[in-house]
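Below is work.pdb, which holds PDB, C-alpha atoms.
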ATOM      1  CA  LEU A   1     120.924 212.735 176.826
ATOM      2  CA  LEU A   2     124.568 211.975 176.300
ATOM      3  CA  PRO A   3     126.596 210.405 179.132
ATOM      4  CA  GLY A   4     128.131 213.087 181.335
ATOM      5  CA  GLU A   5     126.539 215.913 179.346
ATOM      6  CA  ALA A   6     126.040 219.133 181.308
ATOM      7  CA  PRO A   7     122.381 220.202 181.523
ATOM      8  CA  GLU A   8     122.891 223.535 179.765
ATOM      9  CA  HIS A   9     124.742 221.811 176.910
ATOM     10  CA  ALA A  10     122.007 219.185 176.621
ATOM     11  CA  ALA A  11     119.254 221.830 176.428
ATOM     12  CA  TYR A  12     121.225 223.717 173.761
ATOM     13  CA  ARG A  13     121.955 220.599 171.708
ATOM     14  CA  LEU A  14     118.412 219.216 171.901
ATOM     15  CA  SER A  15     116.800 222.490 170.827
ATOM     16  CA  ARG A  16     119.256 222.719 167.944
ATOM     17  CA  GLU A  17     118.516 219.138 166.816
ATOM     18  CA  LYS A  18     114.767 219.800 166.937
ATOM     19  CA  ALA A  19     115.142 222.985 164.871
ATOM     20  CA  ARG A  20     117.328 221.249 162.300
ATOM     21  CA  ALA A  21     114.858 218.378 161.934
ATOM     22  CA  ALA A  22     111.925 220.768 161.484
ATOM     23  CA  GLY A  23     113.981 223.002 159.195
ATOM     24  CA  THR A  24     114.738 220.073 156.899
ATOM     25  CA  ARG A  25     111.013 219.593 156.349
ATOM     26  CA  ASN A  26     110.383 223.365 156.013
ATOM     27  CA  PRO A  27     113.562 224.928 154.542
ATOM     28  CA  ASP A  28     112.066 228.366 153.834
ATOM     29  CA  ALA A  29     110.266 228.729 157.165
ATOM     30  CA  LEU A  30     111.579 230.405 160.279
ATOM     31  CA  VAL A  31     111.571 227.518 162.738
ATOM     32  CA  ALA A  32     111.637 227.885 166.517
ATOM     33  CA  ALA A  33     112.498 224.968 168.777
ATOM     34  CA  ALA A  34     113.037 224.653 172.508
ATOM     35  CA  ASP A  35     113.952 222.028 175.051
ATOM     36  CA  THR A  36     113.633 222.495 178.814
ATOM     37  CA  LEU A  37     115.543 220.550 181.465
ATOM     38  CA  VAL A  38     115.464 220.662 185.251
ATOM     39  CA  ALA A  39     118.738 220.014 187.074
ATOM     40  CA  ILE A  40     119.783 219.849 190.690
ATOM     41  CA  GLY A  41     123.361 219.310 191.751
ATOM     42  CA  GLY A  42     124.338 218.739 188.119
ATOM     43  CA  LYS A  43     121.850 215.861 187.812
ATOM     44  CA  ILE A  44     119.193 216.201 185.129
ATOM     45  CA  LEU A  45     115.620 215.445 186.134
ATOM     46  CA  GLY A  46     113.646 214.534 183.046
ATOM     47  CA  LYS A  47     109.985 213.721 182.737
ATOM     48  CA  PRO A  48     108.969 211.148 185.344
ATOM     49  CA  SER A  49     108.084 207.682 184.108
ATOM     50  CA  SER A  50     106.143 206.621 187.201
ATOM     51  CA  ARG A  51     104.481 207.856 190.380
ATOM     52  CA  ASP A  52     107.513 206.701 192.391
ATOM     53  CA  GLU A  53     109.890 208.619 190.155
ATOM     54  CA  SER A  54     107.742 211.756 190.509
ATOM     55  CA  LEU A  55     107.914 211.440 194.288
ATOM     56  CA  ARG A  56     111.704 210.947 194.185
ATOM     57  CA  MET A  57     112.061 214.111 192.102
ATOM     58  CA  LEU A  58     109.837 216.191 194.381
ATOM     59  CA  ARG A  59     111.726 214.933 197.435
ATOM     60  CA  ALA A  60     114.998 216.025 195.825
ATOM     61  CA  LEU A  61     113.564 219.473 194.994
ATOM     62  CA  SER A  62     111.844 220.034 198.355
ATOM     63  CA  GLY A  63     113.512 222.864 200.285
ATOM     64  CA  ALA A  64     116.246 223.194 197.657
ATOM     65  CA  VAL A  65     117.303 225.433 194.780
ATOM     66  CA  HIS A  66     117.446 223.931 191.304
ATOM     67  CA  SER A  67     118.091 225.186 187.789
ATOM     68  CA  VAL A  68     115.761 225.195 184.834
ATOM     69  CA  PHE A  69     117.595 225.365 181.512
ATOM     70  CA  THR A  70     115.844 225.961 178.204
ATOM     71  CA  GLY A  71     117.686 225.791 174.949
ATOM     72  CA  VAL A  72     116.079 227.914 172.217
ATOM     73  CA  THR A  73     116.990 227.739 168.553
ATOM     74  CA  LEU A  74     115.709 229.791 165.633
ATOM     75  CA  ARG A  75     116.579 228.573 162.157
ATOM     76  CA  ARG A  76     115.828 229.550 158.568
ATOM     77  CA  GLY A  77     117.661 227.550 155.943
ATOM     78  CA  GLU A  78     121.269 227.367 157.131
ATOM     79  CA  ASP A  79     120.985 230.535 159.254
ATOM     80  CA  GLU A  80     120.722 229.527 162.895
ATOM     81  CA  ARG A  81     120.745 231.280 166.286
ATOM     82  CA  CYS A  82     120.869 229.380 169.572
ATOM     83  CA  ALA A  83     120.806 230.381 173.220
ATOM     84  CA  VAL A  84     120.279 228.857 176.649
ATOM     85  CA  GLU A  85     118.331 230.494 179.451
ATOM     86  CA  GLU A  86     118.809 229.503 183.099
ATOM     87  CA  THR A  87     116.371 230.264 185.900
ATOM     88  CA  LEU A  88     117.036 229.378 189.543
ATOM     89  CA  VAL A  89     113.978 228.038 191.346
ATOM     90  CA  GLU A  90     113.683 227.462 195.084
ATOM     91  CA  PHE A  91     111.079 225.040 196.387
ATOM     92  CA  ARG A  92     109.536 225.389 199.787
ATOM     93  CA  SER A  93     109.908 222.399 202.119
ATOM     94  CA  LEU A  94     107.155 219.953 201.269
ATOM     95  CA  SER A  95     105.428 217.397 203.457
ATOM     96  CA  GLU A  96     105.143 213.836 202.228
ATOM     97  CA  GLU A  97     101.355 214.276 202.148
ATOM     98  CA  ALA A  98     101.604 217.383 199.963
ATOM     99  CA  MET A  99     103.977 215.668 197.545
ATOM    100  CA  LYS A 100     101.692 212.637 197.228
ATOM    101  CA  LEU A 101      98.641 214.826 196.626
ATOM    102  CA  TYR A 102     100.498 216.793 193.976
ATOM    103  CA  VAL A 103     101.702 213.638 192.231
ATOM    104  CA  ASP A 104      98.168 212.208 192.364
ATOM    105  CA  SER A 105      96.879 215.347 190.595
ATOM    106  CA  GLY A 106      98.813 214.222 187.509
ATOM    107  CA  GLU A 107      99.844 217.788 186.740
ATOM    108  CA  GLY A 108     103.573 217.010 186.644
ATOM    109  CA  ASP A 109     103.362 213.699 184.802
ATOM    110  CA  ASP A 110     104.755 214.990 181.512
ATOM    111  CA  LYS A 111     106.908 217.791 182.910
ATOM    112  CA  ALA A 112     110.645 217.930 183.509
ATOM    113  CA  GLY A 113     111.219 217.784 187.259
ATOM    114  CA  ALA A 114     107.668 216.457 187.821
ATOM    115  CA  TYR A 115     106.031 219.873 188.305
ATOM    116  CA  ALA A 116     104.295 222.640 186.382
ATOM    117  CA  ILE A 117     104.851 226.144 187.771
ATOM    118  CA  GLN A 118     101.908 227.514 185.770
ATOM    119  CA  GLY A 119      99.406 225.371 187.680
ATOM    120  CA  ARG A 120      99.159 223.958 191.191
ATOM    121  CA  GLY A 121     102.925 223.676 191.129
ATOM    122  CA  ALA A 122     103.129 227.451 191.643
ATOM    123  CA  LEU A 123     102.524 226.763 195.326
ATOM    124  CA  LEU A 124     105.631 224.561 195.480
ATOM    125  CA  VAL A 125     107.895 227.499 194.592
ATOM    126  CA  SER A 126     109.066 229.910 197.287
ATOM    127  CA  SER A 127     111.191 232.051 194.958
ATOM    128  CA  LEU A 128     112.820 232.234 191.575
ATOM    129  CA  ARG A 129     115.599 234.231 190.006
ATOM    130  CA  GLY A 130     115.329 234.697 186.278
ATOM    131  CA  ASP A 131     112.657 234.331 183.636
ATOM    132  CA  TYR A 132     109.374 232.823 184.876
ATOM    133  CA  PHE A 133     108.442 231.894 181.302
ATOM    134  CA  ASN A 134     111.638 229.840 181.081
ATOM    135  CA  VAL A 135     110.278 227.608 183.854
ATOM    136  CA  VAL A 136     106.998 227.281 181.928
ATOM    137  CA  GLY A 137     109.083 226.076 178.969
ATOM    138  CA  LEU A 138     109.712 228.993 176.615
ATOM    139  CA  PRO A 139     111.813 231.993 177.679
ATOM    140  CA  LEU A 140     109.925 234.702 175.824
ATOM    141  CA  CYS A 141     112.460 237.501 176.270
ATOM    142  CA  ARG A 142     115.283 235.281 174.969
ATOM    143  CA  LEU A 143     113.095 234.237 172.021
ATOM    144  CA  SER A 144     112.351 237.897 171.289
ATOM    145  CA  LEU A 145     116.076 238.731 171.306
ATOM    146  CA  LEU A 146     116.777 235.890 168.878
ATOM    147  CA  LEU A 147     113.973 237.128 166.622
ATOM    148  CA  GLU A 148     115.675 240.531 166.571
ATOM    149  CA  GLU A 149     118.839 238.811 165.317
ATOM    150  CA  PHE A 150     116.720 237.562 162.391
ATOM    151  CA  GLY A 151     115.659 241.136 161.639
ATOM    152  CA  CYS A 152     112.312 241.109 163.419
ATOM    153  CA  SER A 153     112.425 244.137 165.738
ATOM    154  CA  LEU A 154     110.455 244.269 168.958
ATOM    155  CA  ALA A 155     108.064 246.726 167.285
ATOM    156  CA  ASP A 156     107.595 244.235 164.427
ATOM    157  CA  GLN A 157     106.951 241.452 166.931
ATOM    158  CA  TRP A 158     104.192 243.512 168.538
ATOM    159  CA  ARG A 159     102.694 244.430 165.158
ATOM    160  CA  ASN A 160     102.622 240.799 164.041
ATOM    161  CA  SER A 161     101.136 239.312 167.203
TER     162      SER A 161
END

Could you write out this structure as structure tokens?
Amino acid sequence: LLPGEAPEHAAYRLSREKARAAGTRNPDALVAAADTLVAIGGKILGKPSSRDESLRMLRALSGAVHSVFTGVTLRRGEDERCAVEETLVEFRSLSEEAMKLYVDSGEGDDKAGAYAIQGRGALLVSSLRGDYFNVVGLPLCRLSLLLEEFGCSLADQWRNS
């Protein structure tokens, strides 16, 4: 992350850098790359590096609304399309015991914000506004729209799946 970089800009930039790196190795391929960040109050919460950091993150998220930003980039050769998806997630108020048990499960160890909505972490969330799949890490509707910009219609996407 760059100093002072806004979370949505960071997600955009990181997905673009990943796509460019992969595209260099595979210039004829259609490359998809994504990067997901959790932010609260403008502060980016990355992947926790310790149990204590996981607890600090969960305490910050408890009873609060935060944003999940995913930058998505599709690239083929020099042709590139980028977008950022934002989903607002509200956590229920969590007891210290619940947070410790969740951290001890290890589920959020390698996840931005120290939680995984697709697992036990679903019970941490009281509501969300936006794309659920964005919180998982890949906003499927946004990806589909970018694929359409590359000439792959929704019907084609269904035929090729």

Item to check | Picked residues, the PyMOL selection byres ((chain A and resi 19) around 7), expected as a ChimeraX atom specification | outcome: /A:15-18,20-23,31-33,73-75

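The space between atom CA of Leu143 of chain A and atom CA of Gly41 of chain A spans 26.8 Å.
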
Item to check | Chain and number of each residue from the PyMOL selection byres ((chain A and resi 83) around 10), as a count of residues only | outcome: 20

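Candidate residues A:Phe150, A:Phe133, A:Tyr115, A:Phe91 were compared for distance to Gly77 of chain A, and the nearest is A:Phe150, using all atoms listed in the file.
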
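Candidate residues A:Val68, A:Ala114, A:Leu14, A:Val89 were compared for distance to Arg56 of chain A, and the nearest is A:Ala114, using all atoms listed in the file.
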
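Atom to atom, atom CA of Arg120 of chain A and atom CA of Ala10 of chain A stand 27.5 Å apart.
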
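Shortest atom-to-atom contact with Val136 of chain A among A:Lys100, A:Lys47, A:Lys111, A:Arg159: A:Lys111, counting all atoms listed in the file.
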
Checklist entry - Once the PyMOL selection byres ((chain A and resi 122) around 12) has been applied to the shown file, what residues remain in the selection, as a ChimeraX atom specification? => result /A:89-92,102,107-108,115-121,123-128,132,135-136

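The interatomic distance for the pair atom CA of Asp35 of chain A and atom CA of Pro139 of chain A works out to 10.5 Å.
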
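Each of A:Ser62, A:Ser93, A:Ser54, A:Leu147 was compared to Leu30 of chain A using all atoms listed in the file, and A:Leu147 turns out to be the nearest.
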
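If you count all atoms listed in the file and ignore residues fewer than 6 places along the chain from Pro3 of chain A, what sits within 12 Å of it is His9, Ala10, Lys43 and Ile44 of chain A.
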
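Closest approach to Gly113 of chain A from the set A:Val65, A:Leu2, A:Ala29, A:Ala39 is made by A:Ala39, with distances taken over all atoms listed in the file.
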